[in-house]
Amino acid sequence: MSLHAYQDRKRLKWDNGFMISEHTAMMAKDKKEREFKWPAKEIMTKEEIDRTLYEAKLKNKSVAIQKEEINEEGLYSADIVGKIQGYDELGIYIAGQKVDFDEIRSVEFFAEKKWSDLD
């Protein structure tokens, strides 16, 4: 009778378990974000939008913009958040995308929470 030495698979047997739990957590987070219903914000006048965007550009503040568009389910998409990167006569560039002035429903200053403020 010959006995063969057992060959351990080392990390291979552990990696799949971690990947599955991370993947499951990521999928749960994605599902939660997709199920969140963004409420409609109050429609701002052109003057209010212009004033807020001007101050944000002047003082280098971050803003949250809600676009007028809704999806096929009649829901608003998430706000576009960031600092104004540039602008032209038709719109502004924020978070790597262009938002036309006539697409903006609401704009407000956005203050990111610091890790030290989180409970």
# chains A, B, ... in the order shown; residues from 1 in each chain; ligands from 1
$ select_by_dssp --residues "chain A" --states "helix (DSSP H, G or I)" --output "ChimeraX atom specification"
/A:12-35,46-59,101-103,115-117
$ closest_atom_pairs --of "range 34-69 of chain A" --to "range 98-113 of chain A" --cutoff "8 Å" --atoms "only C-alpha atoms" --output "CSV"
residue,atom,partner,partner_atom,distance
A:Lys41,CA,A:Ser106,CA,6.4
A:Glu42,CA,A:Ser106,CA,6.7
A:Ile43,CA,A:Arg105,CA,5.3
A:Met44,CA,A:Ser106,CA,5.5
A:Ile49,CA,A:Val107,CA,6.3
A:Thr52,CA,A:Glu108,CA,7.0
A:Leu53,CA,A:Val107,CA,7.7
A:Ala56,CA,A:Phe109,CA,7.3
A:Lys61,CA,A:Phe109,CA,6.9
A:Ser62,CA,A:Phe110,CA,5.2
A:Val63,CA,A:Phe109,CA,4.4
A:Ala64,CA,A:Glu108,CA,5.4
A:Ile65,CA,A:Val107,CA,4.5
A:Gln66,CA,A:Ser106,CA,5.2
A:Lys67,CA,A:Ile104,CA,4.6
A:Glu68,CA,A:Arg105,CA,4.9
A:Glu69,CA,A:Glu103,CA,7.2
$ atom_distance --atom1 "CA of Ile20 in chain A" --atom2 "CA of Lys37 in chain A"
27.9 Å
$ closest_residue --among "A:His4, A:Trp38, A:His23, A:Ala28" --to "Tyr76 in chain A" --atoms "only C-alpha atoms"
A:Trp38
$ select_by_dssp --residues "range 28-78 of chain A" --states "strand (DSSP E)" --output "PyMOL selection string"
chain A and resi 62-67
$ write_last_selection --atoms "N, CA, C and O atoms" --output "PDB file, in the first residue's frame"
ATOM      1  N   SER A  62     -18.863  72.678  -4.119  1.00  0.00           N
ATOM      2  CA  SER A  62     -19.514  71.555  -4.787  1.00  0.00           C
ATOM      3  C   SER A  62     -21.015  71.790  -4.820  1.00  0.00           C
ATOM      4  O   SER A  62     -21.578  72.403  -3.913  1.00  0.00           O
ATOM      5  N   VAL A  63     -21.646  71.282  -5.876  1.00  0.00           N
ATOM      6  CA  VAL A  63     -23.090  71.401  -6.010  1.00  0.00           C
ATOM      7  C   VAL A  63     -23.702  70.036  -6.319  1.00  0.00           C
ATOM      8  O   VAL A  63     -23.021  69.122  -6.781  1.00  0.00           O
ATOM      9  N   ALA A  64     -24.997  69.927  -6.047  1.00  0.00           N
ATOM     10  CA  ALA A  64     -25.785  68.751  -6.413  1.00  0.00           C
ATOM     11  C   ALA A  64     -26.867  69.239  -7.364  1.00  0.00           C
ATOM     12  O   ALA A  64     -27.669  70.100  -7.009  1.00  0.00           O
ATOM     13  N   ILE A  65     -26.877  68.674  -8.573  1.00  0.00           N
ATOM     14  CA  ILE A  65     -27.823  69.097  -9.599  1.00  0.00           C
ATOM     15  C   ILE A  65     -28.813  67.969  -9.867  1.00  0.00           C
ATOM     16  O   ILE A  65     -28.419  66.837 -10.125  1.00  0.00           O
ATOM     17  N   GLN A  66     -30.090  68.296  -9.812  1.00  0.00           N
ATOM     18  CA  GLN A  66     -31.114  67.346 -10.226  1.00  0.00           C
ATOM     19  C   GLN A  66     -31.579  67.766 -11.616  1.00  0.00           C
ATOM     20  O   GLN A  66     -32.024  68.894 -11.824  1.00  0.00           O
ATOM     21  N   LYS A  67     -31.446  66.833 -12.567  1.00  0.00           N
ATOM     22  CA  LYS A  67     -31.877  67.103 -13.932  1.00  0.00           C
ATOM     23  C   LYS A  67     -33.378  66.906 -14.048  1.00  0.00           C
ATOM     24  O   LYS A  67     -33.981  66.173 -13.283  1.00  0.00           O
TER      25      LYS A  67
END
$ residues_around --residues "Gly96 in chain A" --least-positions-apart "4" --cutoff "12 Å" --atoms "only C-alpha atoms" --output "NGL selection string"
:A and (80-87 or 92)
